[in-house]
Each structure stands twice: as structure tokens, then as C-alpha cells.
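What follows is the content of final-v2.txt, which has compact mmCIF, C-alpha atoms:
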# COMPACT_ATOMS: atom_id res chain seq x y z
CA MET A 122 2.15 30.59 -39.91
CA LYS A 123 4.94 28.26 -40.89
CA ILE A 124 4.31 24.56 -41.34
CA SER A 125 6.55 23.82 -38.35
CA GLU A 126 4.36 25.97 -36.10
CA ASN A 127 1.21 24.39 -37.50
CA ILE A 128 2.44 20.84 -36.86
CA LEU A 129 3.33 21.75 -33.28
CA GLN A 130 0.04 23.58 -32.71
CA PHE A 131 -2.19 20.83 -34.11
CA ARG A 132 -0.25 18.07 -32.32
CA LYS A 133 -0.61 19.83 -28.97
CA ALA A 134 -4.28 20.63 -29.64
CA LEU A 135 -4.93 16.91 -30.02
CA GLY A 136 -2.92 16.12 -26.89
CA LEU A 137 -0.52 13.88 -28.82
CA SER A 138 3.08 13.30 -27.92
CA GLN A 139 5.70 13.44 -30.65
CA GLU A 140 6.00 9.67 -30.36
CA GLN A 141 2.25 9.14 -30.82
CA LEU A 142 2.16 11.38 -33.88
CA ALA A 143 5.25 9.68 -35.31
CA GLU A 144 3.55 6.32 -34.95
CA GLN A 145 0.49 7.53 -36.87
CA VAL A 146 2.53 9.14 -39.64
CA GLY A 147 5.04 6.28 -39.92
CA VAL A 148 8.20 8.21 -39.08
CA SER A 149 10.53 8.50 -36.10
CA ARG A 150 9.95 10.82 -33.16
CA GLN A 151 13.11 12.68 -34.19
CA SER A 152 11.53 13.47 -37.57
CA ILE A 153 8.53 15.04 -35.85
CA SER A 154 10.89 17.04 -33.65
CA LYS A 155 12.83 18.30 -36.67
CA TRP A 156 9.61 19.24 -38.46
CA GLU A 157 8.38 21.20 -35.43
CA THR A 158 11.65 23.06 -34.97
CA GLY A 159 11.93 23.86 -38.67
CA GLN A 160 15.14 21.88 -39.17
CA SER A 161 13.46 19.90 -41.94
CA SER A 162 10.10 19.65 -43.68
CA PRO A 163 7.87 16.63 -44.22
CA GLU A 164 7.71 15.04 -47.64
CA LEU A 165 4.53 15.39 -49.67
CA ASP A 166 3.15 11.95 -48.77
CA LYS A 167 3.74 12.69 -45.08
CA LEU A 168 1.95 16.05 -45.42
CA VAL A 169 -1.14 14.21 -46.64
CA VAL A 170 -0.98 11.76 -43.74
CA LEU A 171 -0.44 14.62 -41.25
CA SER A 172 -3.44 16.51 -42.58
CA ARG A 173 -5.62 13.40 -42.20
CA VAL A 174 -4.39 12.74 -38.67
CA PHE A 175 -5.13 16.36 -37.71
CA GLY A 176 -8.47 16.31 -39.56
CA ILE A 177 -7.59 19.36 -41.66
CA SER A 178 -6.77 20.06 -45.27
CA THR A 179 -3.21 20.14 -46.54
CA ASP A 180 -3.75 23.84 -47.31
CA GLU A 181 -4.50 24.52 -43.67
CA LEU A 182 -1.47 22.50 -42.62
CA LEU A 183 0.74 24.46 -45.01
CA GLY A 184 -0.67 27.71 -43.66
CA ASN A 185 -2.71 28.82 -46.65
CA THR A 186 -5.49 31.17 -45.61
CA HIS A 187 -8.08 29.80 -48.03
CA PRO A 188 -8.31 26.07 -47.43
CA THR A 189 -9.93 23.75 -49.93
CA THR A 190 -12.23 20.97 -48.85
CA GLU A 191 -10.93 17.45 -48.83
CA ASP A 192 -13.22 14.46 -49.14
CA SER A 193 -10.98 12.05 -47.26
CA PRO A 194 -11.76 11.63 -43.56
CA PRO A 195 -9.05 11.75 -40.90
CA ILE A 196 -7.18 8.50 -40.25
CA THR A 197 -8.08 8.54 -36.58
CA PRO A 198 -10.50 11.02 -35.05
CA ALA A 199 -8.90 13.47 -32.65
CA ASN A 200 -11.44 12.60 -29.95
CA ASP A 201 -9.99 9.08 -29.74
CA TYR A 202 -6.56 10.46 -28.90
CA ILE A 203 -7.92 13.00 -26.46
CA GLN A 204 -9.96 10.33 -24.66
CA ALA A 205 -7.06 7.85 -24.65
CA ASN A 206 -4.71 10.46 -23.16
CA LEU A 207 -7.30 11.43 -20.54
CA LEU A 208 -7.88 7.80 -19.56
CA ARG A 209 -4.14 7.16 -19.29
CA ARG A 210 -3.66 10.23 -17.07
CA LEU A 211 -6.62 9.31 -14.86
CA PHE A 212 -5.32 5.75 -14.53
CA THR A 213 -1.94 7.10 -13.44
CA LEU A 214 -3.62 9.46 -10.98
CA GLY A 215 -5.57 6.54 -9.54
CA TRP A 216 -2.64 4.20 -8.90
CA VAL A 217 -0.47 7.05 -7.60
CA SER A 218 -3.28 7.89 -5.14
CA VAL A 219 -3.38 4.28 -3.98
CA LEU A 220 0.40 4.20 -3.61
CA VAL A 221 0.59 7.51 -1.71
CA GLY A 222 -2.29 6.42 0.53
CA ALA A 223 -0.62 3.09 1.31
CA VAL A 224 2.65 4.80 2.23
CA ALA A 225 0.79 7.36 4.36
CA LEU A 226 -1.13 4.59 6.14
CA ALA A 227 2.12 2.77 6.89
CA LEU A 228 3.65 5.98 8.27
CA GLU A 229 0.57 6.56 10.41
CA ALA A 230 0.86 3.03 11.83
CA VAL A 231 4.51 3.61 12.72
CA SER A 232 3.72 7.01 14.23
CA LEU A 233 1.02 5.40 16.42
CA TYR A 234 3.69 3.24 17.99
CA PHE A 235 5.83 6.28 18.78
CA ILE A 236 2.86 8.33 20.02
CA ARG A 237 1.80 5.54 22.38
CA ASN A 238 5.35 5.16 23.72
CA ALA A 239 5.73 8.92 24.19
CA VAL A 240 2.48 9.07 26.16
CA ILE A 241 3.51 6.09 28.30
CA ASN A 242 6.93 7.63 29.04
CA SER A 243 5.44 11.03 29.84
CA ALA A 244 2.79 9.54 32.10
CA ALA A 245 5.36 7.41 33.90
CA LEU A 246 7.54 10.48 34.57
CA HIS A 247 4.65 12.39 36.06
CA GLY A 248 3.25 9.44 38.04
CA MET A 249 0.04 9.41 36.03
CA GLY A 250 -1.89 6.54 34.56
CA PHE A 251 -1.68 5.71 30.88
CA ARG A 252 -3.31 3.50 28.31
CA THR A 253 -1.35 0.80 26.57
CA ASP A 254 -4.19 -0.05 24.20
CA ILE A 255 -3.11 1.27 20.79
CA MET A 256 -6.72 1.41 19.57
CA TYR A 257 -7.33 4.23 22.04
CA TYR A 258 -4.80 6.31 20.14
CA VAL A 259 -6.27 5.30 16.78
CA LYS A 260 -9.73 6.50 17.85
CA THR A 261 -8.48 9.80 19.29
CA PRO A 262 -8.41 12.87 17.01
CA PRO A 263 -6.43 14.01 15.06
CA MET A 264 -5.09 10.52 14.30
CA SER A 265 -8.57 9.17 13.61
CA TYR A 266 -9.15 11.92 11.04
CA ALA A 267 -5.82 11.25 9.35
CA ILE A 268 -6.52 7.53 9.08
CA VAL A 269 -10.02 8.07 7.68
CA LEU A 270 -8.74 10.54 5.07
CA THR A 271 -5.94 8.19 4.08
CA VAL A 272 -8.33 5.26 3.66
CA LEU A 273 -10.66 7.46 1.58
CA LEU A 274 -7.71 8.45 -0.63
CA ILE A 275 -6.84 4.79 -1.19
CA LEU A 276 -10.45 3.85 -1.95
CA ALA A 277 -10.92 6.78 -4.36
CA GLY A 278 -7.72 5.89 -6.20
CA LEU A 279 -8.72 2.23 -6.36
CA ALA A 280 -12.18 3.13 -7.63
CA LEU A 281 -10.65 5.34 -10.33
CA VAL A 282 -8.25 2.60 -11.45
CA LEU A 283 -11.03 0.01 -11.58
CA PHE A 284 -13.32 2.38 -13.48
CA ILE A 285 -10.64 3.11 -16.08
CA LEU A 286 -9.87 -0.60 -16.49
CA TRP A 287 -13.57 -1.37 -16.86
CA LYS A 288 -14.03 1.41 -19.42
CA THR A 289 -10.94 0.34 -21.37
CA PHE A 290 -11.78 -3.36 -21.56
CA ARG A 291 -15.47 -2.74 -22.21
CA LYS A 292 -14.51 -1.11 -25.54
CA LYS A 293 -12.54 -4.12 -26.73

Exercise: express the given structure as C-alpha cells:
Amino acid sequence: MKISENILQFRKALGLSQEQLAEQVGVSRQSISKWETGQSSPELDKLVVLSRVFGISTDELLGNTHPTTEDSPPITPANDYIQANLLRRLFTLGWVSVLVGAVALALEAVSLYFIRNAVINSAALHGMGFRTDIMYYVKTPPMSYAIVLTVLLILAGLALVLFILWKTFRKK
């Protein structure tokens, strides 16, 4: 394999963005992009840094089939990047769940108003009795199921966000 393919493959295997890898190597994101597309090649000192970031030998990075062992450890273990990316994605999932749940709850509240009014108007046209108490409509399925599911979505998202924050700040 070419070095450009190896850089791309190892970067993706670690779950790093081009920007994250560029930060570790000390170059711009555009340099990483050019290396991965084969428009340019990294200098020797950058090859050494890349191999340490990826936790491989320079021979493996260059695509040699018989790698030699290197005594120097990687700059940052790959597991740290993988865990950091996972935590960031879970945090985003959590706050998006809270946001979507809050919007859904607001829409359900507005729809309750319209449902109640529609029932009142229909009952008045047919000369039937009706209930003006909005809580009756909240307790009646399927609206009660929708509200419970929405609240559970908000609570799950909030729990995920709080867990990620706790895990992040506990490390520091």
C-alpha cells in the first residue's frame, strides 16, 4: 500500500479527524488532506511523529512488509482518542435527545389545546356533553403514552449528558 492509503487507514482506524491528527503531528489539516490524497508526502520528521501517533513502526507506515521493532512508545495511545471520540458523540446524542424531547413536549402541549377544542366543538354540534378539563385529555391514550415516552426521552438524554460530564471531569 502507498503511504497515503496507510495514513488514511490508520487515521480512520483510530477514529481521528484530519484536524485531530494535524494537531498531534503539528501541521495543518490541509497537509493531512494532501498526504492522504497523495498530492504530497510527509517529511521524515513528520513520518516519525505519525508512526508514534498510530503506534506503529515507520516501516509499517511506509508500507514495508517486514516491519522492524521500535522502542519508542506512541505519543498518545489510540484508546484515548477512541474513548474521547465516543464520549463526545454520546454527549451530543444526549443533549440532542433532550432538545428533541423538549420540542416534542411543547408540540404535545399545543396539540392538547387543539384536541380539547375539537372535542368541545364536535360535542356542541351534536348536542352532547364534553369535558373542558385538559387533564382528562392528558390522561387519555394515546396522548398519555406520547407524553410518557417524551419525558423518558428527555430523562434518558439528561442522564447521558450528566454521566458524560461526570466521567469527563472525574478524570481531571

### Task
For Ala223 (chain A), please output as a VMD selection string all residues within 12 Å (counting all atoms listed in the file; exclusion window: fewer than 2 positions along the same chain).
chain A and resid 216 to 221 225 to 230 268 270 to 276 278 to 279

### Task
Extract, using all atoms listed in the file, all DNA, RNA and protein residues at most 10 Å from Arg132 (chain A), discarding same-chain residues fewer than 3 positions from it, and format them as a PyMOL selection string.
chain A and resi 126-129+135-139+141-142+153+157+171+174-175+199

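The coordinates place CA of Val269 (chain A) at 14.2 Å from CA of Val224 (chain A).
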
Contacts of region 250-254 of chain A at 8 Å (all atoms listed in the file; same-chain gap of 4+ positions) as a JSON list (two decimals) with C-alpha atoms, keeping the file's coordinate frame:
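Result went into out_21.json, see below:
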[["chain", "number", "residue", "atom", "x", "y", "z"],
["A", 237, "ARG", "CA", 1.80, 5.54, 22.38],
["A", 240, "VAL", "CA", 2.48, 9.07, 26.16],
["A", 241, "ILE", "CA", 3.51, 6.09, 28.30],
["A", 244, "ALA", "CA", 2.79, 9.54, 32.10],
["A", 245, "ALA", "CA", 5.36, 7.41, 33.90],
["A", 258, "TYR", "CA", -4.80, 6.31, 20.14]]

### Summary
Taken to one decimal, the CA of Ser125 (chain A)-CA of Tyr202 (chain A) distance is 21.0 Å

#### Entry: Among the residues A:Leu183, A:Leu214, A:Val231, A:Ala134, the one that comes closest to Asn200 (chain A) [using all atoms listed in the file]
A:Ala134

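Nearest to Thr261 (chain A) of all the residues A:Ile285, A:Ala277, A:Leu233, A:Gly159 is A:Leu233, counting only C-alpha atoms.
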
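CA of Gln151 (chain A) is found 17.1 Å from CA of Gln130 (chain A).
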
#### Entry: Counting all atoms listed in the file, the residue of A:Thr213, A:Ser243, A:Asn238, A:Gln160 that sits nearest Val282 (chain A)
A:Thr213

Per-axis box centre and lengths in Å around region 278-288 of chain A, 4 Å margin per side, axis-aligned, as JSON:
{"center_x": -10.9, "center_y": 2.3, "center_z": -12.8, "size_x": 14.3, "size_y": 15.3, "size_z": 21.2}

### Message
Need the shell around Ser172 (chain A): protein/DNA/RNA residues with any atom at most 7 Å away, counting only C-alpha atoms. Skip same-chain ones fewer than 6 positions apart. Format as number ranges by chain?
### Response
A: 178-179, 182

Place all heavy atoms on region 126-137 of chain A and deliver the coordinates as a PDB file, in the frame of the given file.
ATOM      1  N   GLU A 126       5.235  25.486 -37.168  1.00  0.00           N
ATOM      2  CA  GLU A 126       4.360  25.970 -36.100  1.00  0.00           C
ATOM      3  C   GLU A 126       3.008  25.282 -36.144  1.00  0.00           C
ATOM      4  O   GLU A 126       2.412  24.976 -35.106  1.00  0.00           O
ATOM      5  CB  GLU A 126       4.199  27.485 -36.205  1.00  0.00           C
ATOM      6  CG  GLU A 126       5.476  28.255 -35.966  1.00  0.00           C
ATOM      7  CD  GLU A 126       5.351  29.728 -36.339  1.00  0.00           C
ATOM      8  OE1 GLU A 126       4.306  30.119 -36.915  1.00  0.00           O
ATOM      9  OE2 GLU A 126       6.293  30.483 -36.063  1.00  0.00           O
ATOM     10  N   ASN A 127       2.509  25.049 -37.358  1.00  0.00           N
ATOM     11  CA  ASN A 127       1.210  24.390 -37.500  1.00  0.00           C
ATOM     12  C   ASN A 127       1.254  22.946 -36.996  1.00  0.00           C
ATOM     13  O   ASN A 127       0.332  22.495 -36.325  1.00  0.00           O
ATOM     14  CB  ASN A 127       0.759  24.403 -38.964  1.00  0.00           C
ATOM     15  CG  ASN A 127       0.302  25.773 -39.401  1.00  0.00           C
ATOM     16  OD1 ASN A 127       0.002  26.628 -38.575  1.00  0.00           O
ATOM     17  ND2 ASN A 127       0.241  25.995 -40.696  1.00  0.00           N
ATOM     18  N   ILE A 128       2.318  22.231 -37.324  1.00  0.00           N
ATOM     19  CA  ILE A 128       2.440  20.840 -36.860  1.00  0.00           C
ATOM     20  C   ILE A 128       2.449  20.813 -35.340  1.00  0.00           C
ATOM     21  O   ILE A 128       1.741  20.021 -34.707  1.00  0.00           O
ATOM     22  CB  ILE A 128       3.696  20.166 -37.448  1.00  0.00           C
ATOM     23  CG1 ILE A 128       3.550  20.002 -38.963  1.00  0.00           C
ATOM     24  CG2 ILE A 128       3.947  18.809 -36.783  1.00  0.00           C
ATOM     25  CD1 ILE A 128       4.812  19.533 -39.667  1.00  0.00           C
ATOM     26  N   LEU A 129       3.250  21.680 -34.740  1.00  0.00           N
ATOM     27  CA  LEU A 129       3.330  21.750 -33.280  1.00  0.00           C
ATOM     28  C   LEU A 129       1.982  22.108 -32.672  1.00  0.00           C
ATOM     29  O   LEU A 129       1.517  21.479 -31.716  1.00  0.00           O
ATOM     30  CB  LEU A 129       4.396  22.767 -32.863  1.00  0.00           C
ATOM     31  CG  LEU A 129       4.552  23.001 -31.360  1.00  0.00           C
ATOM     32  CD1 LEU A 129       5.047  21.738 -30.669  1.00  0.00           C
ATOM     33  CD2 LEU A 129       5.502  24.161 -31.104  1.00  0.00           C
ATOM     34  N   GLN A 130       1.323  23.108 -33.235  1.00  0.00           N
ATOM     35  CA  GLN A 130       0.040  23.580 -32.710  1.00  0.00           C
ATOM     36  C   GLN A 130      -1.034  22.498 -32.797  1.00  0.00           C
ATOM     37  O   GLN A 130      -1.735  22.235 -31.823  1.00  0.00           O
ATOM     38  CB  GLN A 130      -0.403  24.820 -33.483  1.00  0.00           C
ATOM     39  CG  GLN A 130      -1.768  25.336 -33.066  1.00  0.00           C
ATOM     40  CD  GLN A 130      -2.241  26.474 -33.953  1.00  0.00           C
ATOM     41  OE1 GLN A 130      -1.542  26.925 -34.847  1.00  0.00           O
ATOM     42  NE2 GLN A 130      -3.452  26.926 -33.699  1.00  0.00           N
ATOM     43  N   PHE A 131      -1.156  21.850 -33.946  1.00  0.00           N
ATOM     44  CA  PHE A 131      -2.190  20.830 -34.110  1.00  0.00           C
ATOM     45  C   PHE A 131      -1.887  19.591 -33.258  1.00  0.00           C
ATOM     46  O   PHE A 131      -2.793  18.973 -32.705  1.00  0.00           O
ATOM     47  CB  PHE A 131      -2.362  20.441 -35.575  1.00  0.00           C
ATOM     48  CG  PHE A 131      -3.086  21.480 -36.382  1.00  0.00           C
ATOM     49  CD1 PHE A 131      -2.457  22.146 -37.428  1.00  0.00           C
ATOM     50  CD2 PHE A 131      -4.407  21.798 -36.103  1.00  0.00           C
ATOM     51  CE1 PHE A 131      -3.120  23.098 -38.170  1.00  0.00           C
ATOM     52  CE2 PHE A 131      -5.082  22.760 -36.836  1.00  0.00           C
ATOM     53  CZ  PHE A 131      -4.438  23.416 -37.876  1.00  0.00           C
ATOM     54  N   ARG A 132      -0.609  19.217 -33.143  1.00  0.00           N
ATOM     55  CA  ARG A 132      -0.250  18.070 -32.320  1.00  0.00           C
ATOM     56  C   ARG A 132      -0.628  18.322 -30.860  1.00  0.00           C
ATOM     57  O   ARG A 132      -1.237  17.482 -30.199  1.00  0.00           O
ATOM     58  CB  ARG A 132       1.252  17.773 -32.416  1.00  0.00           C
ATOM     59  CG  ARG A 132       1.695  16.607 -31.502  1.00  0.00           C
ATOM     60  CD  ARG A 132       3.177  16.342 -31.565  1.00  0.00           C
ATOM     61  NE  ARG A 132       4.005  17.432 -31.086  1.00  0.00           N
ATOM     62  CZ  ARG A 132       4.246  17.680 -29.799  1.00  0.00           C
ATOM     63  NH1 ARG A 132       3.715  16.941 -28.858  1.00  0.00           N
ATOM     64  NH2 ARG A 132       5.026  18.690 -29.447  1.00  0.00           N
ATOM     65  N   LYS A 133      -0.294  19.501 -30.362  1.00  0.00           N
ATOM     66  CA  LYS A 133      -0.610  19.830 -28.970  1.00  0.00           C
ATOM     67  C   LYS A 133      -2.117  19.961 -28.760  1.00  0.00           C
ATOM     68  O   LYS A 133      -2.633  19.595 -27.702  1.00  0.00           O
ATOM     69  CB  LYS A 133       0.109  21.099 -28.551  1.00  0.00           C
ATOM     70  CG  LYS A 133       1.592  20.877 -28.333  1.00  0.00           C
ATOM     71  CD  LYS A 133       2.253  22.058 -27.708  1.00  0.00           C
ATOM     72  CE  LYS A 133       3.693  21.720 -27.377  1.00  0.00           C
ATOM     73  NZ  LYS A 133       4.343  22.790 -26.630  1.00  0.00           N
ATOM     74  N   ALA A 134      -2.828  20.496 -29.761  1.00  0.00           N
ATOM     75  CA  ALA A 134      -4.280  20.630 -29.640  1.00  0.00           C
ATOM     76  C   ALA A 134      -4.952  19.270 -29.500  1.00  0.00           C
ATOM     77  O   ALA A 134      -5.977  19.140 -28.825  1.00  0.00           O
ATOM     78  CB  ALA A 134      -4.838  21.370 -30.854  1.00  0.00           C
ATOM     79  N   LEU A 135      -4.376  18.256 -30.131  1.00  0.00           N
ATOM     80  CA  LEU A 135      -4.930  16.910 -30.020  1.00  0.00           C
ATOM     81  C   LEU A 135      -4.422  16.171 -28.788  1.00  0.00           C
ATOM     82  O   LEU A 135      -4.879  15.064 -28.492  1.00  0.00           O
ATOM     83  CB  LEU A 135      -4.575  16.091 -31.270  1.00  0.00           C
ATOM     84  CG  LEU A 135      -5.243  16.522 -32.564  1.00  0.00           C
ATOM     85  CD1 LEU A 135      -4.763  15.666 -33.716  1.00  0.00           C
ATOM     86  CD2 LEU A 135      -6.745  16.434 -32.438  1.00  0.00           C
ATOM     87  N   GLY A 136      -3.462  16.755 -28.087  1.00  0.00           N
ATOM     88  CA  GLY A 136      -2.920  16.120 -26.890  1.00  0.00           C
ATOM     89  C   GLY A 136      -2.015  14.943 -27.217  1.00  0.00           C
ATOM     90  O   GLY A 136      -1.880  14.025 -26.424  1.00  0.00           O
ATOM     91  N   LEU A 137      -1.402  14.971 -28.404  1.00  0.00           N
ATOM     92  CA  LEU A 137      -0.520  13.880 -28.820  1.00  0.00           C
ATOM     93  C   LEU A 137       0.918  14.181 -28.440  1.00  0.00           C
ATOM     94  O   LEU A 137       1.355  15.323 -28.484  1.00  0.00           O
ATOM     95  CB  LEU A 137      -0.579  13.697 -30.341  1.00  0.00           C
ATOM     96  CG  LEU A 137      -1.899  13.257 -30.948  1.00  0.00           C
ATOM     97  CD1 LEU A 137      -1.810  13.291 -32.472  1.00  0.00           C
ATOM     98  CD2 LEU A 137      -2.247  11.870 -30.483  1.00  0.00           C
TER      99      LEU A 137
END
